[in-house]
Structures are given as structure tokens and as C-alpha cells.
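Visitor: Next up is a structure, given as C-alpha cells.
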Amino acid sequence: MRDETLVPAREGAGSPFLRESAGRFRNRRVRVPDEINLKNCGLLDSRAAAVHRATLAEFDPNDVLTYPILQPVYGMLADRFGVDTDSLVLTAGSDPGLNLLTRAFPEVSRIVLHQPNFDGWAKFAAISGCVLDPVAPDPETGLFDLRDLARRLRAGAPAFVVVTTPHSFTGQVHGREELVELADAVAEHGSLLVVDTAYLAFTEGGEELVRGLAGLRHVVRVNTFSKSYGLSGARIAVTVAHPATARHLFDLDPEGSVSAPAVALLRRSLEEQAVFTAIWADVRRLRERFAAEVERAVPGWHARPSGGNFVTWDVPDPADAGAASRHLLGRGIVVRDLSGAPGLPAAVRIAVANEAVVRQVVAALGDRYREGVA
């Protein structure tokens, strides 16, 4: 006999599993032969590739048959960030780390952050039921002020307060004093400061700017290794938090998706630190030259100071930004048109790869201007 009490009046009626998805976040990236991707700001350096090639050549496939051993790499990261190992949480990229934070504290319903910002925050807000509370840059200068975040924070309930330094759209770097001042305001409010340092390796003295925040109860640092060690495809990152905060993250089993090959690649990269330190220094030098050479080649383009492995130029108008981006794409070079983002009415961001690619980009932009297309 059928138990009618367990059957809805109409099959599927009101089912939450039948609603349509917006389909916003599916990965549709493709790799085109010979195309140079300067849009996603990966570390396109042959020295980094050589380190990873050696690691993969020596990798024992038997290590895939068992779960990875994480303690050795945790010890190396503890030395690097100046904290105890119980303050560290490895994740399969920074996205899961940021998502963990919003899931670990479901009582928090607000994310205060500068806009524009990492697109993933909209995704994490949707997953956790949080509301984004965006703060725009100064309309006159296009620069971000951390005091604006503190003022917005005080206007509402406890929240996640997000700072990205260097900023992932503009390259703006926040100083030690202003970060400490914001951290104090966040602590007083009973909130949590999340500092995203994806590009900090490319800022000279960058670690000293955030070192004083390490291990504070009200501060979490999320650091991907995609940019600094060229591990975008490996998907590995670390969250640095007070041990009491880290325990909340471990309750959600964050390490389960971290793979043995990713751990091996990160461990070898940390062992070859001198190679990557040299790469970062070269990127900084090349970045300044790149900015100046484009300004000379294309009148009306003005580079913003950057602490990342990219340069963002303010350009005369959105049409110019779009046309230049399409022109470069026709030459097999993918860049990011930022036009229309808050504080960026017309702008183009281009990653710093290597000498040959920089010359190629400068020449392509110069050709376009000389041909009268600009």
C-alpha cells in the first residue's frame, strides 16, 4: 500500500531542485595555440616553468595512490609567513579559502569591500547568503581609501571586511599604518578583516607591510600561489589565521581537495625560493619600463602605479580601450578592458610577462597609434 502522507499533491510541485540556474560561474576558458594570455596575470616565466618541469619529471606516481602528506609544506609555510603551523589552512586555490570563511561564519550577512574587486566575492555572497556592501574609490583620484571601509563598516552589523593589496584591478598598494588602523577598527567592531595578498610578492618589501597582522584574532590573510609561483593550474593556496579561526575552517574539511601534485609543486617552489625571488625582482623592473614605454608609444595613455605583475593604464575613452584590446587580440595577445568599473571609466590592464612579450605589446600598440587607428 502506498503511504500518501509521503507523496506531494503533485509530483515535483514546489521542489527546490527544479528551479533554473543562472549558469554564471561555469569555467569556459580555452587555450588557443600561440595565444599570449596577459588577461589573467599568470606568471609567464620560463624559469618558473623549468622548476615545475623538474618537479613533475621527478614526481612519483605512487604518491597519487594515497592522500598527500601536508606537514612538511606546512612547516615551510610557517617559516615563510612567521606563524605557527596551526594558523595555516591549505586549500585548492584561494577561491575555496574565501568561500570557507563565508561558510564557517553563517551568522555574518554582510561583506564590506572596495569595488571593483575579485569577481568571486559575488559568488561567495550568493552561496552564503551574504549581501555585498561595496565602497567605491574616490571619484576624483580613482584611489581607494581604507578609512572609507571603516566608515561603511561602522554603519551596520559585524561583517567580513575585504582588502586586496595590491589591488587586483589597479595595482594600488596599501601601507602598513593604514592596514593596522583598519584592523583596529575591525576588531573594535567585532568584525573580521580578510586581506587578499595574491599579488604581494611583486611589491618590494610587501611582506613587511602585512607581517604585523599575522596571527591576530580578527584578521585573516588569504594567499594564492597562482601568481607568485606560477601555480594557477595546480590550484593551491594558504589561509593564514588565528588558530581559533583556523579551527572553524578545519571543521569544513578544507584540505580534502588539495592534491599531491599541487603539494609537490608548491614544496619544490619554496625550496627554489631564490629562483622566484629573482623573477619577482625582474618583474618589478620590467613593470616600470613597460609602463613608461607604452606611455611614450601611445599618447594619452597614463599608467597607474602598480605593486602587482601588471600595469593598468587610464586611456582617453572606453572606445579607445576596446579598440586597443581588439587590436592586441588580433595579434594573439589577450588583455583586460576594465572600462566602466568604478573609478575606471576607461582603462586597460596588461600583465607583465617577459622582455620579449613586453616588446611585442609595445610594438603592437605603437603600430596602432602610428597607423592612425587610435
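Every chain in the C-alpha cells has a letter given in the order shown (A, B, ...), and although residue numbers restart at 1 in each chain, ligands are simply numbered from 1 in the order shown.
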Determine which residues of stretch 158-272 of chain A DSSP labels as alpha helix (DSSP H) from the backbone of this structure, then write them out as a ChimeraX atom specification.
Guide: /A:176-189,206-210,243-250,260-271
Visitor: Counting only C-alpha atoms, which residues of stretch 55-103 of chain A sit at most 8 Å from some atom of stretch 201-214 of chain A, and what is each one's closest atom pair with its distance in Å to one decimal, listed by chain and rising residue number, as JSON lines?
Guide:
{"residue": "A:Phe81", "atom": "CA", "partner": "A:Arg211", "partner_atom": "CA", "distance": 7.6}
{"residue": "A:Gly82", "atom": "CA", "partner": "A:Ala214", "partner_atom": "CA", "distance": 7.5}
{"residue": "A:Val83", "atom": "CA", "partner": "A:Ala214", "partner_atom": "CA", "distance": 7.0}
Visitor: Which one is closest to A:Gly366: A:Arg336, A:Arg28, A:Arg296, A:Arg284? Count only C-alpha atoms.
Guide: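 So, comparing all the options, the nearest one is A:Arg296.
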Visitor: Could you tell me, as a list in words, which residues of stretch 170-291 of chain A DSSP assigns to strand (DSSP E or B) when given the backbone?
Guide: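 The residues of stretch 170-291 of chain A classed as strand (DSSP E or B) are Leu192, Leu193, Val194, Val195, Asp196, Val219, Val220, Arg221, Val222, Asn223, Thr224, Ala237, Val238, Thr239, Val240 and Ala241 of chain A.
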Visitor: So which residues touch A:Ile236 within 8 Å, counting only C-alpha atoms, skipping near sequence neighbours fewer than 4 positions away, as a list in words?
Guide: Leu90, Thr91, Ala92, Gly93, Ser94, Thr224, Phe225, Ser226, Leu231, Ser232, Val258, Ala262, Val263 and Leu266 of chain A
Visitor: Name all residues at most 12 Å from A:Ala185 (count only C-alpha atoms; drop same-chain ones fewer than 2 positions away) and give them as a PDB file with all heavy atoms, in the first residue's frame.
Guide:
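What follows is the written file selection_38.pdb:
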ATOM      1  N   LEU A 146      41.194  53.159   2.828  1.00  0.00           N
ATOM      2  CA  LEU A 146      40.741  52.165   3.790  1.00  0.00           C
ATOM      3  C   LEU A 146      39.850  52.775   4.858  1.00  0.00           C
ATOM      4  O   LEU A 146      39.029  52.074   5.478  1.00  0.00           O
ATOM      5  CB  LEU A 146      41.942  51.475   4.437  1.00  0.00           C
ATOM      6  CG  LEU A 146      42.855  50.665   3.501  1.00  0.00           C
ATOM      7  CD1 LEU A 146      43.873  49.877   4.308  1.00  0.00           C
ATOM      8  CD2 LEU A 146      42.051  49.744   2.598  1.00  0.00           C
ATOM      9  N   ARG A 147      39.965  54.084   5.068  1.00  0.00           N
ATOM     10  CA  ARG A 147      39.081  54.729   6.041  1.00  0.00           C
ATOM     11  C   ARG A 147      37.630  54.695   5.570  1.00  0.00           C
ATOM     12  O   ARG A 147      36.705  54.691   6.384  1.00  0.00           O
ATOM     13  CB  ARG A 147      39.547  56.164   6.278  1.00  0.00           C
ATOM     14  CG  ARG A 147      40.891  56.252   7.025  1.00  0.00           C
ATOM     15  CD  ARG A 147      41.410  57.656   7.044  1.00  0.00           C
ATOM     16  NE  ARG A 147      41.698  58.132   5.683  1.00  0.00           N
ATOM     17  CZ  ARG A 147      42.262  59.313   5.417  1.00  0.00           C
ATOM     18  NH1 ARG A 147      42.598  60.128   6.411  1.00  0.00           N
ATOM     19  NH2 ARG A 147      42.493  59.673   4.168  1.00  0.00           N
ATOM     20  N   ASP A 148      37.445  54.673   4.257  1.00  0.00           N
ATOM     21  CA  ASP A 148      36.079  54.543   3.726  1.00  0.00           C
ATOM     22  C   ASP A 148      35.469  53.203   4.118  1.00  0.00           C
ATOM     23  O   ASP A 148      34.270  53.109   4.408  1.00  0.00           O
ATOM     24  CB  ASP A 148      36.087  54.684   2.203  1.00  0.00           C
ATOM     25  CG  ASP A 148      36.428  56.093   1.754  1.00  0.00           C
ATOM     26  OD1 ASP A 148      36.299  57.024   2.577  1.00  0.00           O
ATOM     27  OD2 ASP A 148      36.825  56.263   0.587  1.00  0.00           O
ATOM     28  N   LEU A 149      36.292  52.143   4.108  1.00  0.00           N
ATOM     29  CA  LEU A 149      35.792  50.833   4.530  1.00  0.00           C
ATOM     30  C   LEU A 149      35.399  50.851   6.000  1.00  0.00           C
ATOM     31  O   LEU A 149      34.369  50.278   6.385  1.00  0.00           O
ATOM     32  CB  LEU A 149      36.856  49.761   4.293  1.00  0.00           C
ATOM     33  CG  LEU A 149      37.193  49.389   2.852  1.00  0.00           C
ATOM     34  CD1 LEU A 149      38.280  48.320   2.835  1.00  0.00           C
ATOM     35  CD2 LEU A 149      35.962  48.893   2.104  1.00  0.00           C
ATOM     36  N   ALA A 150      36.221  51.507   6.825  1.00  0.00           N
ATOM     37  CA  ALA A 150      35.918  51.572   8.258  1.00  0.00           C
ATOM     38  C   ALA A 150      34.618  52.324   8.507  1.00  0.00           C
ATOM     39  O   ALA A 150      33.796  51.914   9.342  1.00  0.00           O
ATOM     40  CB  ALA A 150      37.079  52.244   9.002  1.00  0.00           C
ATOM     41  N   ARG A 151      34.397  53.425   7.793  1.00  0.00           N
ATOM     42  CA  ARG A 151      33.156  54.179   7.962  1.00  0.00           C
ATOM     43  C   ARG A 151      31.945  53.349   7.553  1.00  0.00           C
ATOM     44  O   ARG A 151      30.908  53.349   8.240  1.00  0.00           O
ATOM     45  CB  ARG A 151      33.228  55.486   7.162  1.00  0.00           C
ATOM     46  CG  ARG A 151      34.065  56.567   7.830  1.00  0.00           C
ATOM     47  CD  ARG A 151      33.911  57.887   7.121  1.00  0.00           C
ATOM     48  NE  ARG A 151      34.641  57.915   5.870  1.00  0.00           N
ATOM     49  CZ  ARG A 151      35.898  58.325   5.739  1.00  0.00           C
ATOM     50  NH1 ARG A 151      36.575  58.738   6.811  1.00  0.00           N
ATOM     51  NH2 ARG A 151      36.491  58.339   4.564  1.00  0.00           N
ATOM     52  N   ARG A 152      32.057  52.642   6.424  1.00  0.00           N
ATOM     53  CA  ARG A 152      30.944  51.806   5.991  1.00  0.00           C
ATOM     54  C   ARG A 152      30.693  50.669   6.989  1.00  0.00           C
ATOM     55  O   ARG A 152      29.551  50.317   7.279  1.00  0.00           O
ATOM     56  CB  ARG A 152      31.231  51.232   4.604  1.00  0.00           C
ATOM     57  CG  ARG A 152      30.120  50.356   4.034  1.00  0.00           C
ATOM     58  CD  ARG A 152      28.830  51.129   3.818  1.00  0.00           C
ATOM     59  NE  ARG A 152      29.004  52.229   2.887  1.00  0.00           N
ATOM     60  CZ  ARG A 152      28.999  52.112   1.563  1.00  0.00           C
ATOM     61  NH1 ARG A 152      28.775  50.932   1.001  1.00  0.00           N
ATOM     62  NH2 ARG A 152      29.179  53.174   0.808  1.00  0.00           N
ATOM     63  N   LEU A 153      31.759  50.092   7.521  1.00  0.00           N
ATOM     64  CA  LEU A 153      31.632  49.008   8.485  1.00  0.00           C
ATOM     65  C   LEU A 153      30.840  49.452   9.706  1.00  0.00           C
ATOM     66  O   LEU A 153      29.931  48.750  10.169  1.00  0.00           O
ATOM     67  CB  LEU A 153      33.019  48.527   8.909  1.00  0.00           C
ATOM     68  CG  LEU A 153      33.070  47.499  10.036  1.00  0.00           C
ATOM     69  CD1 LEU A 153      32.423  46.194   9.599  1.00  0.00           C
ATOM     70  CD2 LEU A 153      34.510  47.267  10.474  1.00  0.00           C
ATOM     71  N   ARG A 154      31.148  50.623  10.221  1.00  0.00           N
ATOM     72  CA  ARG A 154      30.517  51.098  11.456  1.00  0.00           C
ATOM     73  C   ARG A 154      29.027  51.379  11.269  1.00  0.00           C
ATOM     74  O   ARG A 154      28.281  51.481  12.246  1.00  0.00           O
ATOM     75  CB  ARG A 154      31.224  52.359  11.951  1.00  0.00           C
ATOM     76  CG  ARG A 154      32.679  52.133  12.377  1.00  0.00           C
ATOM     77  CD  ARG A 154      33.257  53.369  13.024  1.00  0.00           C
ATOM     78  NE  ARG A 154      34.678  53.205  13.320  1.00  0.00           N
ATOM     79  CZ  ARG A 154      35.662  53.756  12.612  1.00  0.00           C
ATOM     80  NH1 ARG A 154      35.378  54.525  11.562  1.00  0.00           N
ATOM     81  NH2 ARG A 154      36.919  53.546  12.938  1.00  0.00           N
ATOM     82  N   PRO A 158      28.248  43.438  12.312  1.00  0.00           N
ATOM     83  CA  PRO A 158      29.546  42.821  12.039  1.00  0.00           C
ATOM     84  C   PRO A 158      29.591  42.203  10.647  1.00  0.00           C
ATOM     85  O   PRO A 158      28.592  41.653  10.162  1.00  0.00           O
ATOM     86  CB  PRO A 158      29.674  41.756  13.132  1.00  0.00           C
ATOM     87  CG  PRO A 158      28.888  42.332  14.278  1.00  0.00           C
ATOM     88  CD  PRO A 158      27.718  43.019  13.629  1.00  0.00           C
ATOM     89  N   ALA A 159      30.760  42.281  10.017  1.00  0.00           N
ATOM     90  CA  ALA A 159      30.864  41.910   8.608  1.00  0.00           C
ATOM     91  C   ALA A 159      32.249  41.372   8.297  1.00  0.00           C
ATOM     92  O   ALA A 159      33.196  41.519   9.080  1.00  0.00           O
ATOM     93  CB  ALA A 159      30.570  43.140   7.728  1.00  0.00           C
ATOM     94  N   VAL A 161      35.301  42.231   6.161  1.00  0.00           N
ATOM     95  CA  VAL A 161      35.839  43.443   5.534  1.00  0.00           C
ATOM     96  C   VAL A 161      37.008  43.010   4.657  1.00  0.00           C
ATOM     97  O   VAL A 161      37.980  42.429   5.142  1.00  0.00           O
ATOM     98  CB  VAL A 161      36.303  44.456   6.587  1.00  0.00           C
ATOM     99  CG1 VAL A 161      36.795  45.731   5.906  1.00  0.00           C
ATOM    100  CG2 VAL A 161      35.173  44.771   7.555  1.00  0.00           C
ATOM    101  N   GLU A 178      48.051  52.221   7.479  1.00  0.00           N
ATOM    102  CA  GLU A 178      46.621  52.248   7.180  1.00  0.00           C
ATOM    103  C   GLU A 178      45.988  50.872   7.350  1.00  0.00           C
ATOM    104  O   GLU A 178      44.822  50.757   7.747  1.00  0.00           O
ATOM    105  CB  GLU A 178      46.360  52.805   5.782  1.00  0.00           C
ATOM    106  CG  GLU A 178      47.064  52.083   4.658  1.00  0.00           C
ATOM    107  CD  GLU A 178      46.773  52.720   3.298  1.00  0.00           C
ATOM    108  OE1 GLU A 178      45.684  53.298   3.116  1.00  0.00           O
ATOM    109  OE2 GLU A 178      47.645  52.619   2.410  1.00  0.00           O
ATOM    110  N   LEU A 179      46.752  49.810   7.088  1.00  0.00           N
ATOM    111  CA  LEU A 179      46.224  48.466   7.325  1.00  0.00           C
ATOM    112  C   LEU A 179      46.011  48.208   8.815  1.00  0.00           C
ATOM    113  O   LEU A 179      44.988  47.640   9.223  1.00  0.00           O
ATOM    114  CB  LEU A 179      47.180  47.429   6.743  1.00  0.00           C
ATOM    115  CG  LEU A 179      47.196  47.297   5.213  1.00  0.00           C
ATOM    116  CD1 LEU A 179      48.401  46.482   4.754  1.00  0.00           C
ATOM    117  CD2 LEU A 179      45.904  46.651   4.710  1.00  0.00           C
ATOM    118  N   VAL A 180      46.972  48.638   9.628  1.00  0.00           N
ATOM    119  CA  VAL A 180      46.848  48.463  11.076  1.00  0.00           C
ATOM    120  C   VAL A 180      45.666  49.263  11.606  1.00  0.00           C
ATOM    121  O   VAL A 180      44.893  48.795  12.460  1.00  0.00           O
ATOM    122  CB  VAL A 180      48.155  48.870  11.781  1.00  0.00           C
ATOM    123  CG1 VAL A 180      47.953  48.947  13.293  1.00  0.00           C
ATOM    124  CG2 VAL A 180      49.266  47.878  11.456  1.00  0.00           C
ATOM    125  N   GLU A 181      45.495  50.484  11.107  1.00  0.00           N
ATOM    126  CA  GLU A 181      44.375  51.319  11.547  1.00  0.00           C
ATOM    127  C   GLU A 181      43.036  50.669  11.214  1.00  0.00           C
ATOM    128  O   GLU A 181      42.108  50.647  12.042  1.00  0.00           O
ATOM    129  CB  GLU A 181      44.473  52.692  10.873  1.00  0.00           C
ATOM    130  CG  GLU A 181      43.392  53.670  11.300  1.00  0.00           C
ATOM    131  CD  GLU A 181      43.536  55.013  10.612  1.00  0.00           C
ATOM    132  OE1 GLU A 181      44.638  55.321  10.089  1.00  0.00           O
ATOM    133  OE2 GLU A 181      42.539  55.771  10.577  1.00  0.00           O
ATOM    134  N   LEU A 182      42.935  50.104  10.005  1.00  0.00           N
ATOM    135  CA  LEU A 182      41.698  49.418   9.640  1.00  0.00           C
ATOM    136  C   LEU A 182      41.504  48.172  10.495  1.00  0.00           C
ATOM    137  O   LEU A 182      40.382  47.885  10.944  1.00  0.00           O
ATOM    138  CB  LEU A 182      41.715  49.042   8.159  1.00  0.00           C
ATOM    139  CG  LEU A 182      40.495  48.253   7.667  1.00  0.00           C
ATOM    140  CD1 LEU A 182      39.209  49.059   7.854  1.00  0.00           C
ATOM    141  CD2 LEU A 182      40.665  47.843   6.203  1.00  0.00           C
ATOM    142  N   ALA A 183      42.575  47.420  10.735  1.00  0.00           N
ATOM    143  CA  ALA A 183      42.468  46.213  11.557  1.00  0.00           C
ATOM    144  C   ALA A 183      41.966  46.544  12.953  1.00  0.00           C
ATOM    145  O   ALA A 183      41.148  45.813  13.528  1.00  0.00           O
ATOM    146  CB  ALA A 183      43.824  45.512  11.626  1.00  0.00           C
ATOM    147  N   ALA A 187      38.527  45.145  14.647  1.00  0.00           N
ATOM    148  CA  ALA A 187      38.498  44.457  15.942  1.00  0.00           C
ATOM    149  C   ALA A 187      37.501  45.106  16.890  1.00  0.00           C
ATOM    150  O   ALA A 187      36.722  44.431  17.570  1.00  0.00           O
ATOM    151  CB  ALA A 187      39.891  44.467  16.556  1.00  0.00           C
ATOM    152  N   GLU A 188      37.500  46.433  16.917  1.00  0.00           N
ATOM    153  CA  GLU A 188      36.592  47.160  17.795  1.00  0.00           C
ATOM    154  C   GLU A 188      35.135  46.891  17.431  1.00  0.00           C
ATOM    155  O   GLU A 188      34.256  46.838  18.302  1.00  0.00           O
ATOM    156  CB  GLU A 188      36.887  48.656  17.697  1.00  0.00           C
ATOM    157  CG  GLU A 188      36.022  49.531  18.580  1.00  0.00           C
ATOM    158  CD  GLU A 188      36.351  51.000  18.409  1.00  0.00           C
ATOM    159  OE1 GLU A 188      37.403  51.322  17.824  1.00  0.00           O
ATOM    160  OE2 GLU A 188      35.535  51.839  18.851  1.00  0.00           O
ATOM    161  N   HIS A 189      34.859  46.665  16.147  1.00  0.00           N
ATOM    162  CA  HIS A 189      33.502  46.456  15.675  1.00  0.00           C
ATOM    163  C   HIS A 189      33.052  45.007  15.822  1.00  0.00           C
ATOM    164  O   HIS A 189      31.880  44.694  15.645  1.00  0.00           O
ATOM    165  CB  HIS A 189      33.409  46.887  14.204  1.00  0.00           C
ATOM    166  CG  HIS A 189      32.025  46.972  13.661  1.00  0.00           C
ATOM    167  ND1 HIS A 189      31.430  45.935  12.979  1.00  0.00           N
ATOM    168  CD2 HIS A 189      31.102  47.965  13.718  1.00  0.00           C
ATOM    169  CE1 HIS A 189      30.206  46.301  12.612  1.00  0.00           C
ATOM    170  NE2 HIS A 189      29.980  47.529  13.054  1.00  0.00           N
ATOM    171  N   GLY A 190      33.976  44.100  16.152  1.00  0.00           N
ATOM    172  CA  GLY A 190      33.630  42.679  16.238  1.00  0.00           C
ATOM    173  C   GLY A 190      33.509  42.021  14.885  1.00  0.00           C
ATOM    174  O   GLY A 190      32.768  41.042  14.714  1.00  0.00           O
ATOM    175  N   SER A 191      34.260  42.532  13.907  1.00  0.00           N
ATOM    176  CA  SER A 191      34.206  42.014  12.546  1.00  0.00           C
ATOM    177  C   SER A 191      35.490  41.273  12.205  1.00  0.00           C
ATOM    178  O   SER A 191      36.362  41.088  13.064  1.00  0.00           O
ATOM    179  CB  SER A 191      33.954  43.162  11.564  1.00  0.00           C
ATOM    180  OG  SER A 191      32.644  43.694  11.741  1.00  0.00           O
ATOM    181  N   LEU A 192      35.623  40.832  10.958  1.00  0.00           N
ATOM    182  CA  LEU A 192      36.789  40.072  10.520  1.00  0.00           C
ATOM    183  C   LEU A 192      37.373  40.717   9.276  1.00  0.00           C
ATOM    184  O   LEU A 192      36.667  40.903   8.268  1.00  0.00           O
ATOM    185  CB  LEU A 192      36.405  38.619  10.220  1.00  0.00           C
ATOM    186  CG  LEU A 192      37.568  37.673   9.901  1.00  0.00           C
ATOM    187  CD1 LEU A 192      38.385  37.389  11.164  1.00  0.00           C
ATOM    188  CD2 LEU A 192      37.058  36.354   9.309  1.00  0.00           C
ATOM    189  N   LEU A 193      38.648  41.057   9.326  1.00  0.00           N
ATOM    190  CA  LEU A 193      39.350  41.638   8.189  1.00  0.00           C
ATOM    191  C   LEU A 193      39.961  40.514   7.364  1.00  0.00           C
ATOM    192  O   LEU A 193      40.714  39.681   7.880  1.00  0.00           O
ATOM    193  CB  LEU A 193      40.445  42.586   8.667  1.00  0.00           C
ATOM    194  CG  LEU A 193      41.341  43.212   7.597  1.00  0.00           C
ATOM    195  CD1 LEU A 193      40.540  44.036   6.607  1.00  0.00           C
ATOM    196  CD2 LEU A 193      42.438  44.048   8.244  1.00  0.00           C
ATOM    197  N   HIS A 218      41.299  38.849  14.727  1.00  0.00           N
ATOM    198  CA  HIS A 218      40.306  39.484  13.861  1.00  0.00           C
ATOM    199  C   HIS A 218      40.806  39.698  12.440  1.00  0.00           C
ATOM    200  O   HIS A 218      40.198  40.445  11.676  1.00  0.00           O
ATOM    201  CB  HIS A 218      39.895  40.830  14.465  1.00  0.00           C
ATOM    202  CG  HIS A 218      41.061  41.744  14.736  1.00  0.00           C
ATOM    203  ND1 HIS A 218      41.901  41.564  15.814  1.00  0.00           N
ATOM    204  CD2 HIS A 218      41.543  42.807  14.057  1.00  0.00           C
ATOM    205  CE1 HIS A 218      42.832  42.486  15.800  1.00  0.00           C
ATOM    206  NE2 HIS A 218      42.647  43.254  14.747  1.00  0.00           N
ATOM    207  N   VAL A 219      41.911  39.040  12.071  1.00  0.00           N
ATOM    208  CA  VAL A 219      42.488  39.207  10.726  1.00  0.00           C
ATOM    209  C   VAL A 219      42.752  37.839  10.107  1.00  0.00           C
ATOM    210  O   VAL A 219      43.262  36.934  10.773  1.00  0.00           O
ATOM    211  CB  VAL A 219      43.802  40.016  10.759  1.00  0.00           C
ATOM    212  CG1 VAL A 219      44.390  40.126   9.345  1.00  0.00           C
ATOM    213  CG2 VAL A 219      43.572  41.406  11.339  1.00  0.00           C
TER     214      VAL A 219
END
Visitor: Go through A:Ala104, A:Val335, A:Leu365, A:Ala341 and flag the residue nearest A:Ile36, using only C-alpha atoms for the distances.
Guide: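 Among the listed residues, A:Val335 lies closest to A:Ile36.
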Visitor: Just the residues within 12 Å of A:Arg326, please, counting only C-alpha atoms, with nothing from its chain fewer than 2 positions along; format it as a list of chain:residue names.
Guide: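 Listing them by chain and then by number gives A:Ala319, A:Asp320, A:Ala321, A:Gly322, A:Ala323, A:Ala324, A:Leu328, A:Leu329, A:Gly330, A:Arg331, A:Gly332, A:Ile333, A:Val334, A:Val335, A:Arg336, A:Asp337, A:Val348, A:Ala364, A:Leu365, A:Arg368, A:Val373, A:Ala374.
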Visitor: List as a list of chain:residue names the protein and nucleic acid residues near A:Gly300, meaning an atom at most 12 Å away when only C-alpha atoms are counted, but skip any in the same chain fewer than 2 places from it.
Guide: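 That gives A:Val294, A:Glu295, A:Arg296, A:Ala297, A:Val298, A:His302, A:Ala303, A:Trp313, A:Asp314, A:Val315, A:Pro316, A:Asp317, A:Asp320, A:Ala321, A:Ala346, A:Ala347, A:Tyr369, A:Ala374.
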Visitor: Given the choices A:Pro16, A:Gly97, A:Gly230, A:Gly256, which gets closest to A:Ile279 if the distance is worked out from only C-alpha atoms?
Guide: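 Going through A:Pro16, A:Gly97, A:Gly230, A:Gly256 one by one, the smallest distance to A:Ile279 is for A:Gly230.
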Visitor: For the atom pair atom CA of A:Thr102 and atom CA of A:Ala237, what is the interatomic distance in Å to one decimal place?
Guide: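 Between atom CA of A:Thr102 and atom CA of A:Ala237 the gap works out to 16.7 Å.
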